[in-house]
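**Student:** Quick one: the structure is below, and I'll ask about it shortly.
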Amino acid sequence: MIEDHAGPIDADDALSRSVDPFLEAKLHHPLVREDWVDRARLRIQLDDASKRPVVLISAAAGYGKTTLVAQWLAGGQSERRAAWVSLDAGDNDPGRLWTHICTALERAGCVMDGGAADRLVSANINGLRERVLPGIVNALAAVPDDIFILLDDFHFVSDAKCHGQVEFLIENLPARAHLVIITRADPGLRLGRLRASGSVAEIRARDLSFDDLEASQMMALEQVPLSSEGVTRLVERTEGWPAGIYLARLWLAEKTDPDEAVRQFSGGNRFIGDYLTEEVLSQHAPETREFIVTMSFLERFSAQLCDFVRQTTGSAAILHELERSNLFLIPLDEDRQWFRFHHLFAAVATGELEADHPDRIPELHARAAQWFRDHDHIEDAVHHFLAGGDTAGASALVQMHWMSYVDAGRAATVRGWLDALGTTPTAADPASAVTAAWVAALFGDTENLTHLLMELDEVRDYGPLPDGARSVESAIAMIKGLFGYGGPTEMAHSARRAVELETDGRSPYYALARLALGHTAYVAGDLDAAASLLTTAAYNEVAPDLIQILSLATLSLVEAERGRQQQSGLLARAAMRIVDEKRLRSMPHASLAFTALGQAQAADGNLEAAMDSLEEGLLLRRPQPEQGPWSVLHHLLATARVAIASGRLAQAQELADAAAERVTRFPDGMGEMASRLDAIQGALRERLTEPDLEAPLTGRELDVLRLLQGSLSLHDIGRELFLSANTVKTHTNAVYRKLGAHSRAEAVRLARESRLI
């Protein structure tokens with residue numbers, strides 16, 4: 001019990017002097033209506049939340065906060081003891097606030113003593129915390145079951161004294177007393193402290209948003225024949241905002257084809273627009289409204305960006321207030337540095353901007369683009385340059401940064417930018433055409449690539465380029481030398497020229513040119529030259545990730561062919577580490593790393609894992625097999641070898657046939673690649689003509705065979721299997737005979753190829 005410092009007074013007399021004409025309405029929660037959607041899942045969530053001392057239900061207007069609590073109160077298995085107060089602006093006063101709270105508690109059967117009743121004496125009461133609140137706490141403690149104090153629209157209470165008094169109540173709540181705060185804005189309470197102590201449960205907009213089932217129920221109440229697909233689209237468009245879905249229902253009820261209407265639904269809808277304008281925008285000070293309208297064109301924003309765009313200061317304070325007031329402001333990071341507006345809210349505000357200040361919009365986009373560019377948010381900068389009509393600014397950024405996006409697996413983003421920019425005459429903008437040529441090469445668009453390279457050949461001396469290449473001639477040489485669409489002869493000539501031109505070791509193109517020439521050396525069978533060039537490329541400090549991956553993977557193939565299997569395995573795994581660290585497993589151009597890894601795993605005797613790796617790499621290439629002819633060819637040859645070793649002869653034949661089609665595609669310079677294919681076809685013929693086993697191996701023979709893989713002598717194998725040396729020798733001879741082997745090593749090899757071990 002908390003000590004009470006006041007004597008008793010007549011509460012009924014006090015009530016007669018203090019109750020305002022609207023008190024009855026303020027002390028009753030809304031009655032549940034038949035046309036309300038049942039929020040069953042949220043009632044369950046609120047059941048769990050109500051076990052905490054404090055429940056905070058905080059979301060912007062129109063999220064159904066009050067409706068939920070009303071349903072919860074009415075839907076319990078037994079009637080809950082509840083003291084409800086609907087607050088308004090007049091309750092931002094300690095005397096009036098606590099008068100209403102105490103009156104609601106009395107209506108709920110919480111017997112107040114004189115100390116608590118003293119709250120009614122004066123709106124300017126002094127010492128309320130010392131004289132009134134202890135009496136409230138004592139009265140709550142005397143209630144025999146759970147009691148809930150429900151304060152609706154708590155955002156009207158902003159007075160610091162009121163907040164301090166509510167915190168006092170929270171700190172001293174008896175075990176069976178609970179405070180439910182329903183608000184559009186987080187209250188000025190020490191929520192962090194409450195969270196840390198586990199004293200508060202929170203229900204927010206993400207919880208209150210309608211799901212598809214609830215939206216369907218909403219449509220059914222008005223008999224709107226909206227399909228399940230239409231409901232899903234409506235929920236997506238409104239982000240589950242209950243008021244938006246309700247207003248959409250009113251609109252859709254007038255439509256003969258609701259599904260088609262939903263496709264047109266946006267924040268420009270008159271119901272949404274009127275609601276947001278009347279209930280939200282018009283309620284704020286001119287500066288805040290100006291901020292909302294001006295910033296609505298941004299998909300995301302921070303205080304610094306807002307200050308720059310508005311050419312002013314103070315945006316941080318406005319953002320803080322908007323977040324506190326839950327004004328459809330959605331934080332995008334845990335640090336609450338970046339935000340966006342609810343999409344429908346932004347659409348309404350943007351509509352106002354377009355209607356009242358259309359001439360400002362290009363200028364706003366230009367400022368946003370400048371800020372994003374200066375802070376290395378390239379994608380946002382390109383978007384705003386394009387939105388503001390500054391294609392030159394957008395093009396310059398694309399030319400400068402395309403490689404970093406491709407290197408991060410974002411080649412499709414670059415292609416989208418180029419599509420948005422449209423076709424630019426090569427003579428007028430060679431740098432843009434070079435970027436387009438790179439993208440065409442990456443996506444296997446050989447027709448467009450051929451056209452662009454022919455056009456660029458007329459401006460070979462242009463340079464240096466924004467992306468760091470020395471010249472247009474150098475870019476042409478690197479594209480032809482790296483992708484090799486023109487065959488090995490052109491590929492080798494172009495790669496040599498690229499190495500001659502790209503001599504700056506601090507440029508990413510230094511490594512790229514040497515990767516291209518190293519690869520052509522491997523294709524031609526010059527393994528020493530290939531190893532030297534690829535090592536330089538792989539370990540260049542400024543080489544992009546993709547160049548490192550391709551260099552390491554190709555070098556792994558080179559070392560395997562040189563007979564250095566251990567080094568080949570290390571290189572393959574180094575390439576895969578970069579693939580995994582940079583999350584590039586879905587990037588087609590990373591498939592060569594899987595080629596190298598699979599080949600290395602097979603060399604280690606792990607044929608099953610090898611086939612898994614190779615098949616994963618092949619899946620990367622399958623959707624777009626023409627993205628450069630060489631990686632696919634290397635992959636087919638490596639996979640065919642492993643398939644033969646694994647006994648998958650039919651698959652090996654298919655792979656060899658596919659490789660042969662590619663080898664014969666180019667008439668010149670394919671001698672070494674043809675020799676590699678011939679070796680595979682020869683091994684395949686040998687396996688296809690081998691006789692079957694005379695008889696299956698017995699269990700004991702398989703045990704001996706497994707131990708033959710190691711270095712144990714026959715005597716040691718006998719001790720391991722508890723057999724005599726003569727018995728082991730008999731089993732060994734049987735294994736040799738059945739496998740057609742003449743030595744221990746040959747028996748192990750044949751057994752592995754037959755997948756017996």
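Residue numbering restarts at 1 in every chain; chains get A, B, ... in the order shown in the structure tokens, and ligands count up from 1 in that same order.
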From a DSSP pass on the backbone, collect the residues of region 430-581 of chain A flagged as alpha helix (DSSP H) and hand them back as a ChimeraX atom specification.
**Tutor:** /A:430-442,446-456,472-483,488-501,508-524,527-538,545-561,565-581
**Student:** Using only C-alpha atoms, which protein or nucleic acid residues come within 10 Å of region 247-253 of chain A? Drop anything in the same chain fewer than 6 positions from it, and give the result as a PyMOL selection string.
**Tutor:** chain A and resi 215+218-226+234+238+259-262+265-266+269-272+275
**Student:** Near Ser613 (chain A), within 9 Å and counting only C-alpha atoms, which residues show up once chain neighbours fewer than 5 positions away are dropped, as JSON, numbers by chain?
**Tutor:** {"A": [594, 595, 597, 598, 599, 601, 608, 618]}
**Student:** Identify, on the basis of only C-alpha atoms, every residue whose closest approach to Ser754 (chain A) does not exceed 12 Å; exclude the query and any residue fewer than 5 positions from it along the same chain; express the result as a ChimeraX atom specification.
**Tutor:** /A:607,642-649,687,690,692-693,696,739,747-749
**Student:** Would you work out the distance separating CA of Glu490 (chain A) from CA of Leu546 (chain A), expressed in Å to one decimal?
**Tutor:**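 Between these atoms lies a distance of 22.9 Å.
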**Student:** Just want the 9 Å neighbourhood of Leu533 (chain A), counted on only C-alpha atoms, with same-chain residues fewer than 5 positions away dropped. Output as a count of residues only.
**Tutor:** 11
**Student:** Might you pull out every residue within 12 Å of Gln653 (chain A), with only C-alpha atoms counted and same-chain residues fewer than 6 positions away left off, and present them as a PyMOL selection string?
**Tutor:** chain A and resi 636-637+639-644+647+659-660+677+680-685+687-688
**Student:** If you keep N, CA and C atoms, can you produce a file of those selected residues as a compact mmCIF listing (two decimals), in the first residue's frame?
**Tutor:**
```txt
# COMPACT_ATOMS: atom_id res chain seq x y z
N LEU A 636 31.18 -27.89 -69.85
CA LEU A 636 30.75 -29.14 -70.47
C LEU A 636 31.88 -30.16 -70.47
N LEU A 637 33.09 -29.74 -70.80
CA LEU A 637 34.22 -30.67 -70.83
C LEU A 637 34.53 -31.21 -69.44
N THR A 639 32.54 -31.39 -66.82
CA THR A 639 31.45 -32.23 -66.33
C THR A 639 31.44 -33.58 -67.03
N ALA A 640 31.77 -33.61 -68.31
CA ALA A 640 31.84 -34.88 -69.04
C ALA A 640 32.91 -35.79 -68.43
N ARG A 641 34.08 -35.22 -68.10
CA ARG A 641 35.15 -36.03 -67.48
C ARG A 641 34.67 -36.66 -66.17
N VAL A 642 34.02 -35.84 -65.34
CA VAL A 642 33.57 -36.35 -64.04
C VAL A 642 32.44 -37.34 -64.22
N ALA A 643 31.58 -37.12 -65.20
CA ALA A 643 30.49 -38.07 -65.46
C ALA A 643 31.05 -39.43 -65.87
N ILE A 644 32.11 -39.44 -66.66
CA ILE A 644 32.74 -40.70 -67.05
C ILE A 644 33.31 -41.41 -65.82
N GLY A 647 30.74 -43.08 -63.79
CA GLY A 647 29.96 -44.14 -64.41
C GLY A 647 28.67 -43.66 -65.03
N ALA A 659 29.45 -30.32 -76.21
CA ALA A 659 30.76 -29.66 -76.32
C ALA A 659 31.25 -29.68 -77.76
N ALA A 660 31.02 -30.80 -78.47
CA ALA A 660 31.48 -30.91 -79.86
C ALA A 660 30.81 -29.86 -80.73
N LEU A 677 38.56 -32.39 -76.15
CA LEU A 677 37.33 -33.11 -76.43
C LEU A 677 37.64 -34.54 -76.91
N ILE A 680 38.30 -36.86 -74.06
CA ILE A 680 37.06 -37.24 -73.37
C ILE A 680 36.32 -38.29 -74.17
N GLN A 681 36.22 -38.10 -75.46
CA GLN A 681 35.50 -39.06 -76.29
C GLN A 681 36.21 -40.41 -76.30
N GLY A 682 37.55 -40.39 -76.26
CA GLY A 682 38.29 -41.65 -76.20
C GLY A 682 38.03 -42.38 -74.89
N ALA A 683 38.07 -41.66 -73.78
CA ALA A 683 37.80 -42.29 -72.48
C ALA A 683 36.37 -42.84 -72.42
N LEU A 684 35.48 -42.13 -73.05
CA LEU A 684 34.09 -42.58 -73.07
C LEU A 684 33.94 -43.86 -73.87
N ARG A 685 34.64 -43.95 -75.02
CA ARG A 685 34.58 -45.16 -75.83
C ARG A 685 35.12 -46.36 -75.06
N ARG A 687 35.14 -46.83 -71.83
CA ARG A 687 34.19 -47.24 -70.80
C ARG A 687 32.97 -47.94 -71.39
N LEU A 688 32.55 -47.47 -72.55
CA LEU A 688 31.36 -48.07 -73.16
C LEU A 688 31.63 -49.48 -73.67
```
**Student:** I'd like to know which of A:Leu571, A:Ala346, A:Asp657, A:Tyr246 is closest to Asp35 (chain A), using only C-alpha atoms.
**Tutor:**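 Among the listed residues, A:Tyr246 lies closest to Asp35 (chain A).
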**Student:** Just the number, please: distance in Å from CA of Val382 (chain A) to CA of Ala394 (chain A), one decimal.
**Tutor:**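 So the answer is 4.8 Å.
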**Student:** How many Å lie between CA of Ser724 (chain A) and CA of Leu697 (chain A), rounded to one decimal?
**Tutor:**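 A separation of 19.3 Å between them.
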**Student:** Return as a PyMOL selection string the full set of residues in region 158-214 of chain A whose backbone-based DSSP assignment is strand (DSSP E or B).
**Tutor:** chain A and resi 177-183+200-204
**Student:** Please, could you write that set of residues out with C-alpha atoms as a PDB file, in the first residue's frame?
**Tutor:**
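And here's out.pdb as it stands now:
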```pdb
ATOM      1  CA  ALA A 177      -3.679  -3.713 -12.704  1.00  0.00           C
ATOM      2  CA  HIS A 178      -2.834  -2.946 -16.336  1.00  0.00           C
ATOM      3  CA  LEU A 179      -2.582   0.258 -18.343  1.00  0.00           C
ATOM      4  CA  VAL A 180      -3.543   0.190 -22.036  1.00  0.00           C
ATOM      5  CA  ILE A 181      -2.434   3.286 -23.979  1.00  0.00           C
ATOM      6  CA  ILE A 182      -4.052   3.782 -27.408  1.00  0.00           C
ATOM      7  CA  THR A 183      -2.360   6.528 -29.382  1.00  0.00           C
ATOM      8  CA  VAL A 200       5.428  -3.184 -21.938  1.00  0.00           C
ATOM      9  CA  ALA A 201       3.862  -5.062 -24.858  1.00  0.00           C
ATOM     10  CA  GLU A 202       3.506  -3.153 -28.121  1.00  0.00           C
ATOM     11  CA  ILE A 203       1.027  -3.480 -30.970  1.00  0.00           C
ATOM     12  CA  ARG A 204       1.893  -1.312 -33.947  1.00  0.00           C
TER      13      ARG A 204
END
```
